[in-house]
Amino acid sequence: MKHEVAKGRGATLQIEGRFESAVRERIDDGWSAADEELPPFRTTVTVERAKSVIQRHDSPDLPLDHTLNAYRGCEHGCIYCYARPSHGYLNLSPGLDFETRLFAKPDAPKLLRAELAKPSYRCSPIALGSNTDPYQPIEREWKITRQILEVLAECRHPLSIVTKSALIERDLDLLAQLAQDGLVQVFISVTTLNAELARKLEPRAVSPRRRLQAIERLNLAGVPCGVMVAPVIPFLTDTEMENVLQAAYDHGARSTAYTLLRLPYELKDLFKDWLATHYPLKAEHVMSRLREMRGGRENDPEFGTRFTGNGLFSQLLSRRFDLACERLGFNRGQLALDTTRFIKPNRHGQRNLF
């Protein structure tokens, strides 16, 4: 279902998930005025009662095997978000539903404490933000990520955070405490330095300049914060890679990584419609180059190549990244998160006496 571009929203198409048994199409039957004003897309948040919050995986190309997501859906509305198809499991659209119909897990801190307290639990760094941003706008009200950090800080548990929100500065007190013992590493995602492009790609995320300021403030507070150049989009953002790395380095980042645009499942149609809406003259060039970097497909789910692609242009992109990192001084000392300081909590929230 095609709709008008909504201010502050990323998707230009309301598409059914792949598990839907029916397809709906909007048509004009002559009974309503063509210029009838539709209600605005408002953000709603539904409480989700989860049974557990730590997800475990064995993906060989991910650095951490434990993840935690306090929210489903993300109000940032990034059109390229690879998590959009996950809304299909809820019988919701990966389009506007993903960025307007959100789910929060207020019991996550309590469930986390219970899981960490299990006799069988073995400490391994937990990644926050692997699916949806832990500091998306609704975190200001719900404060679930803040409570999760409080549990992890109390237990001396290591973690990694990926976000594109400056709201992370709110938790500098906890992050600095964790950083003193080598228990936290942060990456802030910077896709482009072009503010106009960022407003279309990531309509409810903070500006690129504000993200760079957050990188600087975190590092000045002693919290190791790097930059994720992600995703790299051919003909839209790929030429900015070196400039993004330079800007991040100037603001204190010393670690970095990048990923090539991924288009799993319904995301392919959503992204192509967004391209046709905002950049019609570039649309075919972007998709053609992406297919070249994905072995002739629009998406490559294979381990080892899904984040970087393959072929000549992928190799050139990787070489550019490596040369820029070498010239600037990125990734010269990898931070190893300390798992030896972990203190198992009491399952009922009380501190251990010994």
# chains A, B, ... in the order shown; residues from 1 in each chain; ligands from 1

call {"tool": "closest_atom_pairs", "arguments": {"of": "segment 48-161 of chain A", "to": "segment 197-203 of chain A", "cutoff": "8 Å", "atoms": "only C-alpha atoms", "output": "Markdown table"}}
result
| residue | atom | partner | partner_atom | distance |
| --- | --- | --- | --- | --- |
| A:His76 | CA | A:Glu202 | CA | 6.1 |
| A:Gly77 | CA | A:Glu202 | CA | 5.8 |
| A:Cys78 | CA | A:Glu202 | CA | 4.2 |
| A:Ile79 | CA | A:Leu201 | CA | 5.7 |
| A:Tyr80 | CA | A:Leu201 | CA | 7.4 |

call {"tool": "residues_around", "arguments": {"residues": "Met228 of chain A", "least_positions_apart": "2", "cutoff": "12 Å", "atoms": "only C-alpha atoms", "output": "PyMOL selection string"}}
result
chain A and resi 161-164+186-192+211-212+215+225-226+230-232+241+244-245+248-249+253-260+321+330

call {"tool": "write_last_selection", "arguments": {"atoms": "C-alpha atoms", "output": "PDB file, in the first residue's frame"}}
result
ATOM      1  CA  ILE A 161      26.288  -1.062  22.917  1.00  0.00           C
ATOM      2  CA  VAL A 162      25.494   0.018  19.357  1.00  0.00           C
ATOM      3  CA  THR A 163      23.306   3.102  18.962  1.00  0.00           C
ATOM      4  CA  LYS A 164      22.807   6.198  16.833  1.00  0.00           C
ATOM      5  CA  VAL A 186      30.189   1.634  22.704  1.00  0.00           C
ATOM      6  CA  PHE A 187      29.812   2.101  18.966  1.00  0.00           C
ATOM      7  CA  ILE A 188      27.809   4.970  17.516  1.00  0.00           C
ATOM      8  CA  SER A 189      26.507   4.464  14.000  1.00  0.00           C
ATOM      9  CA  VAL A 190      27.193   7.229  11.479  1.00  0.00           C
ATOM     10  CA  THR A 191      25.803   6.500   8.019  1.00  0.00           C
ATOM     11  CA  THR A 192      26.420   9.864   6.371  1.00  0.00           C
ATOM     12  CA  ARG A 211      26.359  11.813  16.951  1.00  0.00           C
ATOM     13  CA  LEU A 212      29.930  12.977  16.529  1.00  0.00           C
ATOM     14  CA  ILE A 215      31.374  10.110  20.429  1.00  0.00           C
ATOM     15  CA  CYS A 225      33.390   4.777  21.937  1.00  0.00           C
ATOM     16  CA  GLY A 226      34.048   3.901  18.316  1.00  0.00           C
ATOM     17  CA  ALA A 230      26.877   1.412   8.613  1.00  0.00           C
ATOM     18  CA  PRO A 231      25.323   0.671   6.340  1.00  0.00           C
ATOM     19  CA  VAL A 232      27.392   1.644   3.322  1.00  0.00           C
ATOM     20  CA  MET A 241      33.483   6.516   4.077  1.00  0.00           C
ATOM     21  CA  VAL A 244      33.093   9.768   8.211  1.00  0.00           C
ATOM     22  CA  LEU A 245      36.172   7.989   9.559  1.00  0.00           C
ATOM     23  CA  ALA A 248      34.926  10.301  13.997  1.00  0.00           C
ATOM     24  CA  TYR A 249      38.678  10.122  14.629  1.00  0.00           C
ATOM     25  CA  ALA A 253      36.956   7.427  18.125  1.00  0.00           C
ATOM     26  CA  ARG A 254      39.752   4.872  17.882  1.00  0.00           C
ATOM     27  CA  SER A 255      37.842   1.739  16.898  1.00  0.00           C
ATOM     28  CA  THR A 256      35.629   1.216  13.879  1.00  0.00           C
ATOM     29  CA  ALA A 257      33.876  -1.246  11.591  1.00  0.00           C
ATOM     30  CA  TYR A 258      31.617  -1.043   8.565  1.00  0.00           C
ATOM     31  CA  THR A 259      28.843  -3.087   6.967  1.00  0.00           C
ATOM     32  CA  LEU A 260      27.396  -3.122   3.475  1.00  0.00           C
ATOM     33  CA  PHE A 321      38.353   1.075   4.572  1.00  0.00           C
ATOM     34  CA  PHE A 330      42.024   3.024  13.911  1.00  0.00           C
TER      35      PHE A 330
END

call {"tool": "select_by_dssp", "arguments": {"residues": "segment 141-273 of chain A", "states": "alpha helix (DSSP H)", "output": "PyMOL selection string"}}
result
chain A and resi 141-142+144-155+172-179+195-201+208-220+241-250+267-273

call {"tool": "residues_around", "arguments": {"residues": "Glu141 of chain A", "least_positions_apart": "3", "cutoff": "12 Å", "atoms": "only C-alpha atoms", "output": "VMD selection string"}}
result
chain A and resid 45 104 106 135 to 138 144 to 146 167

call {"tool": "residues_around", "arguments": {"residues": "segment 272-274 of chain A", "least_positions_apart": "6", "cutoff": "12 Å", "atoms": "only C-alpha atoms", "output": "ChimeraX atom specification"}}
result
/A:1-5,9-15,78-80,95,200-202,263,266,280,282-288,290,298

call {"tool": "closest_residue", "arguments": {"among": "A:Glu242, A:Glu169, A:Glu75, A:Glu216", "to": "Leu317 of chain A", "atoms": "only C-alpha atoms"}}
result
A:Glu242

call {"tool": "select_by_dssp", "arguments": {"residues": "segment 30-167 of chain A", "states": "strand (DSSP E or B)", "output": "list in words"}}
result
Thr44, Val45, Thr46, Val47, Ile54, Gln55, Arg56, His66, Thr67, Leu68, Tyr71, Arg72, Arg101, Leu102, Phe103, Ala104, Ile126, Ala127, Leu128, Leu159, Ser160, Ile161, Val162 and Thr163 of chain A

call {"tool": "atom_distance", "arguments": {"atom1": "atom CA of Arg297 of chain A", "atom2": "atom CA of Phe313 of chain A"}}
result
14.4 Å

call {"tool": "residues_around", "arguments": {"residues": "Pro301 of chain A", "least_positions_apart": "4", "cutoff": "8 Å", "atoms": "only C-alpha atoms", "output": "PyMOL selection string"}}
result
chain A and resi 264+305-306

call {"tool": "write_last_selection", "arguments": {"atoms": "N, CA, C and O atoms", "output": "JSON list (two decimals), in the first residue's frame"}}
result
[["chain", "number", "residue", "atom", "x", "y", "z"],
["A", 264, "PRO", "N", 17.25, -8.05, 3.59],
["A", 264, "PRO", "CA", 16.57, -9.33, 3.75],
["A", 264, "PRO", "C", 15.05, -9.20, 3.59],
["A", 264, "PRO", "O", 14.45, -8.20, 3.95],
["A", 305, "THR", "N", 30.08, -13.23, 4.14],
["A", 305, "THR", "CA", 29.93, -12.21, 3.09],
["A", 305, "THR", "C", 28.71, -11.31, 3.31],
["A", 305, "THR", "O", 28.59, -10.30, 2.63],
["A", 306, "ARG", "N", 27.82, -11.66, 4.24],
["A", 306, "ARG", "CA", 26.58, -10.88, 4.36],
["A", 306, "ARG", "C", 26.84, -9.45, 4.83],
["A", 306, "ARG", "O", 26.08, -8.54, 4.50]]

call {"tool": "closest_residue", "arguments": {"among": "A:Pro119, A:Gly17, A:Gly311, A:Pro208", "to": "Leu90 of chain A", "atoms": "only C-alpha atoms"}}
result
A:Gly17
